[in-house]
$ cat upload_37.txt   # compact mmCIF, C-alpha atoms and all ligand atoms
# COMPACT_ATOMS: atom_id res chain seq x y z
CA MET Z 16 29.95 -31.65 7.54
CA THR Z 17 27.16 -29.11 7.49
CA GLN Z 18 24.29 -30.00 9.86
CA LEU Z 19 21.20 -30.97 7.86
CA PRO Z 20 17.91 -29.30 8.71
CA ALA Z 21 15.12 -31.83 9.47
CA ALA Z 22 13.44 -31.16 6.13
CA GLN Z 23 16.60 -32.29 4.33
CA GLN Z 24 17.20 -35.48 6.27
CA PRO Z 25 17.71 -38.29 3.78
CA GLY Z 26 14.56 -40.04 2.71
CA THR Z 27 12.14 -37.37 3.88
CA GLY Z 28 10.32 -34.60 2.07
CA PRO Z 29 8.86 -34.53 -1.40
CA GLU Z 30 12.18 -35.26 -3.11
CA ALA Z 31 12.14 -38.74 -1.56
CA ASP Z 32 9.28 -39.98 -3.73
CA ARG Z 33 10.51 -38.23 -6.92
CA SER Z 34 13.38 -40.63 -7.51
CA THR Z 35 13.11 -44.34 -6.89
CA THR Z 36 16.56 -45.36 -8.10
CA ALA Z 37 18.92 -42.58 -6.95
CA ALA Z 38 20.27 -42.37 -3.42
CA PRO Z 39 18.27 -39.98 -1.23
CA ALA Z 40 19.26 -36.56 -2.53
CA ALA Z 41 21.04 -35.10 0.50
CA ASP Z 42 22.91 -38.38 1.05
CA HIS Z 43 24.56 -38.18 -2.34
CA PRO Z 44 28.26 -37.15 -2.25
CA LYS Z 45 27.52 -34.64 -5.01
CA ALA Z 46 24.50 -33.15 -3.21
CA LEU Z 47 24.42 -29.40 -3.77
CA TYR Z 48 23.48 -28.82 -0.13
CA ALA Z 49 25.42 -30.83 2.47
CA GLY Z 50 27.38 -32.78 -0.14
CA THR Z 51 31.10 -33.38 0.30
CA GLY Z 52 32.33 -31.30 -2.64
CA THR Z 53 34.45 -28.21 -1.95
CA ARG Z 54 35.18 -26.90 -5.46
CA ARG Z 55 33.11 -24.11 -7.01
CA ILE Z 56 29.66 -25.36 -8.10
CA THR Z 57 28.88 -25.23 -11.82
CA VAL Z 58 25.73 -25.34 -13.89
CA ARG Z 59 26.49 -29.01 -14.60
CA ASP Z 60 26.15 -29.76 -10.88
CA LEU Z 61 22.68 -28.18 -10.98
CA ALA Z 62 21.73 -30.45 -13.88
CA GLY Z 63 22.88 -33.44 -11.81
CA ALA Z 64 20.68 -32.34 -8.91
CA LYS Z 65 17.64 -32.21 -11.22
CA GLU Z 66 18.40 -35.76 -12.39
CA ARG Z 67 18.64 -36.97 -8.78
CA GLY Z 68 15.46 -35.14 -7.74
CA GLU Z 69 17.46 -33.13 -5.19
CA LYS Z 70 15.88 -29.92 -3.95
CA TRP Z 71 18.22 -27.03 -3.23
CA PRO Z 72 18.21 -23.52 -1.73
CA MET Z 73 19.33 -20.26 -3.34
CA LEU Z 74 19.66 -16.85 -1.68
CA THR Z 75 20.46 -13.40 -2.92
CA ALA Z 76 23.68 -11.70 -1.77
CA TYR Z 77 25.03 -8.21 -2.41
CA ASP Z 78 28.30 -8.00 -0.45
CA ALA Z 79 31.32 -10.14 0.36
CA MET Z 80 30.72 -10.60 4.08
CA THR Z 81 27.09 -11.72 3.88
CA ALA Z 82 27.94 -13.92 0.91
CA SER Z 83 30.70 -15.61 2.93
CA VAL Z 84 28.17 -16.44 5.67
CA PHE Z 85 25.81 -18.07 3.16
CA ASP Z 86 28.71 -19.88 1.47
CA GLU Z 87 29.85 -21.28 4.82
CA ALA Z 88 26.25 -22.33 5.50
CA GLY Z 89 26.42 -24.43 2.33
CA ILE Z 90 23.99 -22.45 0.15
CA PRO Z 91 25.04 -23.73 -3.30
CA VAL Z 92 23.83 -20.86 -5.49
CA LEU Z 93 23.92 -17.14 -4.68
CA LEU Z 94 22.16 -14.60 -6.87
CA VAL Z 95 23.47 -11.07 -7.07
CA GLY Z 96 19.95 -9.98 -7.90
CA ASP Z 97 18.87 -6.59 -9.08
CA SER Z 98 16.68 -6.77 -5.96
CA MET Z 99 19.79 -4.96 -4.64
CA GLY Z 100 17.87 -1.87 -5.79
CA ASN Z 101 15.36 -2.28 -2.95
CA ALA Z 102 17.36 -4.48 -0.57
CA HIS Z 103 20.77 -2.79 -0.63
CA LEU Z 104 20.83 0.52 -2.51
CA GLY Z 105 17.74 2.27 -1.13
CA TYR Z 106 15.74 2.51 -4.37
CA ASP Z 107 12.07 1.57 -4.52
CA SER Z 108 12.42 -0.84 -7.46
CA THR Z 109 15.01 -2.78 -9.46
CA VAL Z 110 14.78 -0.41 -12.43
CA PRO Z 111 17.48 2.15 -11.40
CA VAL Z 112 20.14 -0.53 -10.81
CA THR Z 113 23.03 -0.08 -13.27
CA MET Z 114 25.66 -2.43 -14.68
CA ASP Z 115 28.27 -0.53 -12.65
CA HIS Z 116 26.36 -1.41 -9.43
CA MET Z 117 26.00 -4.99 -10.60
CA ALA Z 118 29.63 -5.46 -11.61
CA MET Z 119 30.98 -3.99 -8.37
CA LEU Z 120 28.73 -5.95 -6.01
CA SER Z 121 29.03 -9.19 -8.01
CA ALA Z 122 32.81 -8.98 -7.75
CA ALA Z 123 32.47 -8.53 -3.97
CA VAL Z 124 30.21 -11.60 -3.72
CA VAL Z 125 32.63 -13.68 -5.79
CA ARG Z 126 35.53 -12.57 -3.55
CA GLY Z 127 33.56 -13.53 -0.42
CA THR Z 128 32.81 -17.09 -1.54
CA ARG Z 129 34.64 -20.28 -2.41
CA ARG Z 130 31.99 -22.87 -3.28
CA ALA Z 131 28.72 -21.24 -4.34
CA LEU Z 132 27.88 -20.69 -7.99
CA ILE Z 133 27.45 -16.93 -8.33
CA VAL Z 134 24.75 -15.75 -10.73
CA ALA Z 135 24.44 -12.03 -11.53
CA ASP Z 136 21.43 -10.25 -12.98
CA LEU Z 137 21.63 -8.38 -16.24
CA THR Z 138 20.10 -5.08 -15.17
CA PHE Z 139 17.14 -3.27 -16.73
CA GLY Z 140 18.23 -1.72 -20.03
CA SER Z 141 21.41 -3.79 -20.27
CA TYR Z 142 20.11 -6.48 -22.68
CA GLN Z 143 16.76 -5.33 -24.11
CA GLU Z 144 18.42 -3.66 -27.14
CA GLY Z 145 19.50 -7.04 -28.45
CA PRO Z 146 22.08 -9.83 -28.40
CA VAL Z 147 25.12 -7.61 -28.98
CA GLN Z 148 24.31 -5.40 -25.99
CA ALA Z 149 23.49 -8.48 -23.89
CA LEU Z 150 26.79 -10.13 -24.82
CA ARG Z 151 28.79 -6.99 -24.01
CA ASN Z 152 27.24 -6.66 -20.55
CA ALA Z 153 27.23 -10.36 -19.69
CA THR Z 154 30.89 -10.61 -20.74
CA ARG Z 155 31.68 -7.76 -18.36
CA LEU Z 156 30.08 -9.66 -15.46
CA VAL Z 157 32.01 -12.82 -16.27
CA LYS Z 158 35.39 -11.15 -16.92
CA GLU Z 159 35.34 -8.24 -14.47
CA ALA Z 160 33.31 -9.74 -11.61
CA GLY Z 161 34.07 -13.44 -12.13
CA VAL Z 162 30.48 -14.70 -11.95
CA GLY Z 163 29.63 -18.20 -13.21
CA ALA Z 164 26.34 -17.30 -14.90
CA VAL Z 165 23.95 -14.43 -15.62
CA LYS Z 166 20.19 -14.09 -15.29
CA LEU Z 167 17.85 -12.20 -17.57
CA GLU Z 168 14.10 -11.69 -17.60
CA GLY Z 169 11.74 -12.93 -20.32
CA GLY Z 170 11.17 -16.09 -22.35
CA GLU Z 171 10.36 -15.66 -26.03
CA ARG Z 172 11.17 -11.95 -25.90
CA SER Z 173 14.75 -12.68 -24.74
CA LEU Z 174 15.44 -15.71 -26.92
CA ALA Z 175 18.00 -14.12 -29.23
CA GLN Z 176 19.93 -12.79 -26.23
CA THR Z 177 19.89 -16.19 -24.48
CA GLU Z 178 21.05 -18.02 -27.59
CA THR Z 179 23.89 -15.57 -28.20
CA LEU Z 180 25.17 -15.73 -24.61
CA VAL Z 181 24.98 -19.52 -24.48
CA GLU Z 182 26.80 -19.77 -27.79
CA ALA Z 183 29.52 -17.51 -26.36
CA GLY Z 184 29.89 -19.85 -23.37
CA ILE Z 185 28.01 -17.78 -20.80
CA PRO Z 186 25.44 -19.82 -18.86
CA VAL Z 187 22.01 -18.13 -18.71
CA MET Z 188 19.34 -18.42 -16.04
CA ALA Z 189 15.94 -17.28 -17.33
CA HIS Z 190 13.35 -15.47 -15.18
CA LEU Z 191 9.60 -15.68 -15.88
CA GLY Z 192 6.30 -14.94 -14.14
CA LEU Z 193 6.49 -11.71 -12.21
CA THR Z 194 9.51 -10.03 -13.79
CA PRO Z 195 10.23 -7.00 -11.56
CA GLN Z 196 12.01 -5.04 -14.30
CA SER Z 197 8.58 -4.84 -16.03
CA PHE Z 198 6.61 -3.72 -12.97
CA ASN Z 199 5.54 -0.57 -14.83
CA THR Z 200 3.51 -2.79 -17.20
CA LEU Z 201 2.84 -5.90 -15.08
CA GLY Z 202 2.46 -4.46 -11.58
CA TYR Z 203 3.33 -6.73 -8.65
CA ARG Z 204 0.73 -9.47 -9.01
CA VAL Z 205 0.49 -13.19 -9.60
CA GLN Z 206 1.26 -14.11 -13.24
CA GLY Z 207 0.05 -17.13 -15.24
CA ARG Z 208 -3.48 -17.26 -13.76
CA GLY Z 209 -6.08 -18.63 -16.17
CA ASP Z 210 -5.61 -21.06 -19.05
CA GLU Z 211 -4.36 -18.57 -21.60
CA ALA Z 212 -1.79 -16.96 -19.29
CA ALA Z 213 -0.66 -20.37 -18.02
CA ASP Z 214 -0.20 -21.63 -21.60
CA ARG Z 215 1.83 -18.54 -22.45
CA LEU Z 216 4.04 -19.09 -19.40
CA ILE Z 217 4.59 -22.75 -20.29
CA ARG Z 218 5.47 -21.75 -23.87
CA ASP Z 219 7.92 -19.14 -22.58
CA ALA Z 220 9.52 -21.66 -20.20
CA LYS Z 221 10.04 -24.19 -22.99
CA ALA Z 222 11.40 -21.48 -25.28
CA ALA Z 223 13.96 -20.46 -22.64
CA GLN Z 224 15.03 -24.09 -22.23
CA ASN Z 225 15.26 -24.59 -26.00
CA ALA Z 226 17.38 -21.44 -26.32
CA GLY Z 227 19.88 -23.05 -23.94
CA ALA Z 228 19.04 -21.60 -20.51
CA PHE Z 229 20.48 -23.85 -17.77
CA ALA Z 230 17.79 -22.96 -15.19
CA LEU Z 231 14.61 -20.97 -14.84
CA VAL Z 232 13.33 -18.74 -12.03
CA LEU Z 233 9.55 -18.64 -11.71
CA GLU Z 234 8.34 -15.73 -9.60
CA LEU Z 235 4.81 -15.32 -8.24
CA VAL Z 236 2.94 -17.89 -10.29
CA PRO Z 237 0.24 -20.37 -9.23
CA ALA Z 238 1.72 -23.50 -7.63
CA GLU Z 239 -0.10 -25.78 -10.09
CA VAL Z 240 1.40 -24.00 -13.11
CA ALA Z 241 4.88 -24.02 -11.53
CA ALA Z 242 4.53 -27.75 -10.80
CA GLU Z 243 3.58 -28.47 -14.42
CA ILE Z 244 6.50 -26.41 -15.76
CA THR Z 245 8.90 -28.14 -13.33
CA ARG Z 246 7.70 -31.56 -14.50
CA SER Z 247 7.91 -30.71 -18.17
CA LEU Z 248 11.39 -29.09 -18.24
CA HIS Z 249 14.68 -30.97 -17.96
CA ILE Z 250 16.44 -27.86 -16.54
CA PRO Z 251 16.05 -26.93 -12.84
CA VAL Z 252 13.16 -24.62 -11.97
CA ILE Z 253 13.69 -22.27 -9.04
CA GLY Z 254 10.57 -20.90 -7.39
CA ILE Z 255 9.85 -17.73 -5.46
CA GLY Z 256 6.18 -17.48 -4.59
CA ALA Z 257 5.63 -20.45 -6.92
CA GLY Z 258 4.60 -23.15 -4.44
CA PRO Z 259 6.41 -26.21 -3.09
CA ASP Z 260 6.94 -28.30 -6.23
CA THR Z 261 9.78 -26.49 -8.00
CA ASP Z 262 13.28 -28.02 -7.92
CA ALA Z 263 14.73 -25.17 -5.86
CA GLN Z 264 13.58 -22.16 -3.82
CA VAL Z 265 15.08 -18.69 -3.75
CA LEU Z 266 14.48 -15.86 -1.28
CA VAL Z 267 15.80 -12.32 -1.04
CA TRP Z 268 18.18 -12.61 1.90
CA THR Z 269 17.09 -9.45 3.70
CA ASP Z 270 13.48 -10.74 3.70
CA MET Z 271 14.57 -14.23 4.80
CA ALA Z 272 16.67 -12.88 7.68
CA GLY Z 273 14.24 -10.19 8.87
CA LEU Z 274 16.32 -7.15 7.94
CA THR Z 275 13.81 -5.67 5.51
CA GLU Z 276 11.83 -2.72 6.88
CA GLY Z 277 8.03 -3.06 6.88
CA LYS Z 278 5.89 -5.61 5.09
CA VAL Z 279 7.44 -8.44 3.09
CA PRO Z 280 5.62 -10.51 0.44
CA ARG Z 281 3.39 -13.34 1.75
CA PHE Z 282 5.55 -15.96 -0.01
CA THR Z 283 8.57 -15.04 2.10
CA LYS Z 284 9.43 -16.88 5.31
CA GLN Z 285 11.42 -14.99 7.94
CA TYR Z 286 14.08 -17.15 9.63
CA ALA Z 287 15.66 -14.50 11.87
CA ASP Z 288 14.97 -11.00 13.21
CA LEU Z 289 18.14 -9.19 12.16
CA ARG Z 290 16.48 -5.78 12.19
CA ARG Z 291 15.76 -6.16 15.90
CA THR Z 292 19.16 -7.76 16.63
CA LEU Z 293 21.13 -4.99 14.89
CA GLY Z 294 18.97 -2.25 16.38
CA ASP Z 295 19.49 -3.72 19.87
CA ALA Z 296 23.25 -3.87 19.28
CA ALA Z 297 23.34 -0.23 18.10
CA ARG Z 298 21.29 0.92 21.12
CA ALA Z 299 23.51 -1.04 23.53
CA PHE Z 300 26.64 0.55 21.99
CA ALA Z 301 25.10 4.03 22.25
CA THR Z 302 24.12 3.45 25.88
CA ASP Z 303 27.68 2.35 26.69
CA VAL Z 304 29.18 5.41 24.98
CA ILE Z 305 26.96 7.99 26.65
CA GLY Z 306 27.39 6.23 30.02
CA ALA Z 307 31.22 6.04 29.57
CA ALA Z 308 31.01 2.22 29.85
CA PHE Z 309 32.90 1.81 26.54
CA PRO Z 310 35.79 1.74 25.91
CA THR Z 311 37.14 0.05 29.03
CA GLU Z 312 40.77 -0.70 29.88
CA ALA Z 313 40.48 -3.92 27.81
CA HIS Z 314 39.85 -1.90 24.65
CA THR Z 315 42.53 0.72 25.36
CA PHE Z 316 46.22 1.02 24.29
CA HIS Z 317 48.95 2.79 26.32
O1 LIG Z 401 16.70 -9.85 -8.16
C1 LIG Z 401 16.34 -10.84 -7.49
O2 LIG Z 401 16.60 -10.95 -6.29
C2 LIG Z 401 15.60 -11.89 -8.18
C3 LIG Z 401 15.00 -12.97 -7.33
C4 LIG Z 401 13.79 -12.47 -6.68
C5 LIG Z 401 14.76 -14.21 -8.11
O3 LIG Z 401 15.45 -11.85 -9.36

$ encode --input "upload_37.txt" --output "structure tokens"
Amino acid sequence: MTQLPAAQQPGTGPEADRSTTAAPAADHPKALYAGTGTRRITVRDLAGAKERGEKWPMLTAYDAMTASVFDEAGIPVLLVGDSMGNAHLGYDSTVPVTMDHMAMLSAAVVRGTRRALIVADLTFGSYQEGPVQALRNATRLVKEAGVGAVKLEGGERSLAQTETLVEAGIPVMAHLGLTPQSFNTLGYRVQGRGDEAADRLIRDAKAAQNAGAFALVLELVPAEVAAEITRSLHIPVIGIGAGPDTDAQVLVWTDMAGLTEGKVPRFTKQYADLRRTLGDAARAFATDVIGAAFPTEAHTFH
């Protein structure tokens, strides 16, 4: 069984006082993280976790090999985010990412995993025209790439799209707060500050839930607003820069693992220093090659 980090030991952490009747979340056989299940996770499993008060982790992934590492580590939900624009494809925003990028990399992530629910982003310009366009592109991700759900940005403004996809049997994760596809109008700053903005965010969150979204990502919003939304929705709320009280937390994997070049957002926590590790490995290889220390007899065929 996967080793539990201290924060997930049964009976500790904020999830312990959320539910008085259920078994401690991580102790439950159906726990999303460190549970005993081996089949592919579905949106119904996420609903069960919300009922139990179980917190869970989500990471982005953009290729089969990295996704397989996270799957083996027990991460229950992987997002093929359009953050691939910055984190994988060398763009400076998510806007240039196309459906061809998304379909190809989502298929790779699905192939690299056995248990995680794979959610793929509908890219900028792939659903804003309306429900028919959204359905065409979401269907492509489900049929061609094999993902279990799609994510799109917006609450009330994306209602018709959400309703149409859900009706067609495609689970939808909504994304509110800082929505990076709109950075040209919103900028990169905290959303939902002040009573009016907070009320609008809460309205949007409820609208997404009513339209049938199975989960909601809240990005860069005040912790108090995220906590209120999490309490008032029956679907799981996944935070990124939204404080500690959401049902789940998501990070961009390259930020989380220290591969990203330069400054990362303050809400990110870095759990490894992959940039240094990979750089050291590359320098060691180069030193061996120029010093004729590699290949040796052990690496050589005769
Ligand atoms: O594209 C992405 O990685 C995302 C997360 C930041 C939630 O949307």

$ axis_aligned_box --input "upload_37.txt" --around "ligand LIG 401 (chain Z)" --padding-each-side "6 Å" --output "lines of an AutoDock Vina configuration file"
center_x = 15.2
center_y = -12.0
center_z = -7.8
size_x = 14.9
size_y = 16.4
size_z = 15.1

$ residues_around --input "upload_37.txt" --residues "Ile56 (chain Z)" --least-positions-apart "2" --cutoff "9 Å" --atoms "all atoms listed in the file" --output "list of chain:residue names"
Z:Leu47, Z:Gly52, Z:Thr53, Z:Arg54, Z:Val58, Z:Arg59, Z:Asp60, Z:Leu61, Z:Pro91, Z:Val92, Z:Arg130, Z:Ala131, Z:Leu132, Z:Ile133, Z:Gly163

$ atom_distance --input "upload_37.txt" --atom1 "CA of Phe139 (chain Z)" --atom2 "CA of Ile90 (chain Z)"
26.5 Å

$ residues_near_ligand --input "upload_37.txt" --ligand "ligand LIG 401 (chain Z)" --cutoff "7 Å" --atoms "only C-alpha atoms and all ligand atoms" --output "PyMOL selection string"
chain Z and resi 75+94-99+136+232+234+255+265-267

$ write_last_selection --input "upload_37.txt" --atoms "C-alpha atoms" --output "CSV table (one decimal), keeping the file's coordinate frame"
chain,number,residue,atom,x,y,z
Z,75,THR,CA,20.5,-13.4,-2.9
Z,94,LEU,CA,22.2,-14.6,-6.9
Z,95,VAL,CA,23.5,-11.1,-7.1
Z,96,GLY,CA,20.0,-10.0,-7.9
Z,97,ASP,CA,18.9,-6.6,-9.1
Z,98,SER,CA,16.7,-6.8,-6.0
Z,99,MET,CA,19.8,-5.0,-4.6
Z,136,ASP,CA,21.4,-10.2,-13.0
Z,232,VAL,CA,13.3,-18.7,-12.0
Z,234,GLU,CA,8.3,-15.7,-9.6
Z,255,ILE,CA,9.8,-17.7,-5.5
Z,265,VAL,CA,15.1,-18.7,-3.8
Z,266,LEU,CA,14.5,-15.9,-1.3
Z,267,VAL,CA,15.8,-12.3,-1.0

$ residues_around --input "upload_37.txt" --residues "Thr109 (chain Z)" --least-positions-apart "6" --cutoff "12 Å" --atoms "all atoms listed in the file" --output "PyMOL selection string"
chain Z and resi 96-103+116-117+136-140+194-199

$ atom_distance --input "upload_37.txt" --atom1 "CA of Glu171 (chain Z)" --atom2 "CA of Leu216 (chain Z)"
9.8 Å

$ build_atoms --input "upload_37.txt" --residues "region 220-249 of chain Z" --atoms "N, CA and C atoms" --output "CSV table (one decimal), keeping the file's coordinate frame"
chain,number,residue,atom,x,y,z
Z,220,ALA,N,8.6,-20.8,-20.9
Z,220,ALA,CA,9.5,-21.7,-20.2
Z,220,ALA,C,10.2,-22.6,-21.2
Z,221,LYS,N,9.4,-23.2,-22.0
Z,221,LYS,CA,10.0,-24.2,-23.0
Z,221,LYS,C,11.0,-23.5,-24.0
Z,222,ALA,N,10.6,-22.3,-24.4
Z,222,ALA,CA,11.4,-21.5,-25.3
Z,222,ALA,C,12.7,-21.2,-24.6
Z,223,ALA,N,12.7,-20.8,-23.3
Z,223,ALA,CA,14.0,-20.5,-22.6
Z,223,ALA,C,14.9,-21.7,-22.6
Z,224,GLN,N,14.2,-22.8,-22.3
Z,224,GLN,CA,15.0,-24.1,-22.2
Z,224,GLN,C,15.6,-24.4,-23.6
Z,225,ASN,N,14.8,-24.3,-24.6
Z,225,ASN,CA,15.3,-24.6,-26.0
Z,225,ASN,C,16.4,-23.6,-26.5
Z,226,ALA,N,16.3,-22.4,-25.9
Z,226,ALA,CA,17.4,-21.4,-26.3
Z,226,ALA,C,18.7,-21.7,-25.6
Z,227,GLY,N,18.6,-22.6,-24.6
Z,227,GLY,CA,19.9,-23.0,-23.9
Z,227,GLY,C,20.0,-22.6,-22.5
Z,228,ALA,N,19.0,-22.0,-21.9
Z,228,ALA,CA,19.0,-21.6,-20.5
Z,228,ALA,C,19.3,-22.8,-19.7
Z,229,PHE,N,20.1,-22.7,-18.6
Z,229,PHE,CA,20.5,-23.8,-17.8
Z,229,PHE,C,19.5,-24.0,-16.6
Z,230,ALA,N,18.7,-22.9,-16.3
Z,230,ALA,CA,17.8,-23.0,-15.2
Z,230,ALA,C,16.8,-21.8,-15.4
Z,231,LEU,N,15.7,-21.9,-14.7
Z,231,LEU,CA,14.6,-21.0,-14.8
Z,231,LEU,C,14.1,-20.6,-13.5
Z,232,VAL,N,14.0,-19.3,-13.2
Z,232,VAL,CA,13.3,-18.7,-12.0
Z,232,VAL,C,11.9,-18.5,-12.4
Z,233,LEU,N,11.0,-18.9,-11.5
Z,233,LEU,CA,9.6,-18.6,-11.7
Z,233,LEU,C,9.1,-17.8,-10.5
Z,234,GLU,N,8.7,-16.6,-10.7
Z,234,GLU,CA,8.3,-15.7,-9.6
Z,234,GLU,C,6.8,-15.4,-9.6
Z,235,LEU,N,6.2,-15.7,-8.5
Z,235,LEU,CA,4.8,-15.3,-8.2
Z,235,LEU,C,3.9,-15.9,-9.3
Z,236,VAL,N,3.9,-17.2,-9.4
Z,236,VAL,CA,2.9,-17.9,-10.3
Z,236,VAL,C,2.2,-19.0,-9.5
Z,237,PRO,N,1.0,-19.3,-10.0
Z,237,PRO,CA,0.2,-20.4,-9.2
Z,237,PRO,C,1.0,-21.7,-9.1
Z,238,ALA,N,0.9,-22.3,-7.9
Z,238,ALA,CA,1.7,-23.5,-7.6
Z,238,ALA,C,1.5,-24.6,-8.7
Z,239,GLU,N,0.2,-24.7,-9.1
Z,239,GLU,CA,-0.1,-25.8,-10.1
Z,239,GLU,C,0.6,-25.6,-11.4
Z,240,VAL,N,0.7,-24.3,-11.8
Z,240,VAL,CA,1.4,-24.0,-13.1
Z,240,VAL,C,2.9,-24.2,-12.9
Z,241,ALA,N,3.4,-23.8,-11.8
Z,241,ALA,CA,4.9,-24.0,-11.5
Z,241,ALA,C,5.2,-25.5,-11.5
Z,242,ALA,N,4.3,-26.3,-10.9
Z,242,ALA,CA,4.5,-27.8,-10.8
Z,242,ALA,C,4.6,-28.4,-12.2
Z,243,GLU,N,3.6,-27.9,-13.1
Z,243,GLU,CA,3.6,-28.5,-14.4
Z,243,GLU,C,4.9,-28.1,-15.2
Z,244,ILE,N,5.3,-26.8,-15.1
Z,244,ILE,CA,6.5,-26.4,-15.8
Z,244,ILE,C,7.7,-27.2,-15.2
Z,245,THR,N,7.8,-27.4,-13.9
Z,245,THR,CA,8.9,-28.1,-13.3
Z,245,THR,C,8.9,-29.6,-13.9
Z,246,ARG,N,7.8,-30.2,-14.0
Z,246,ARG,CA,7.7,-31.6,-14.5
Z,246,ARG,C,8.1,-31.6,-16.0
Z,247,SER,N,7.7,-30.6,-16.7
Z,247,SER,CA,7.9,-30.7,-18.2
Z,247,SER,C,9.3,-30.2,-18.7
Z,248,LEU,N,10.1,-29.5,-17.8
Z,248,LEU,CA,11.4,-29.1,-18.2
Z,248,LEU,C,12.5,-30.0,-17.7
Z,249,HIS,N,13.6,-30.2,-18.5
Z,249,HIS,CA,14.7,-31.0,-18.0
Z,249,HIS,C,15.7,-30.1,-17.2
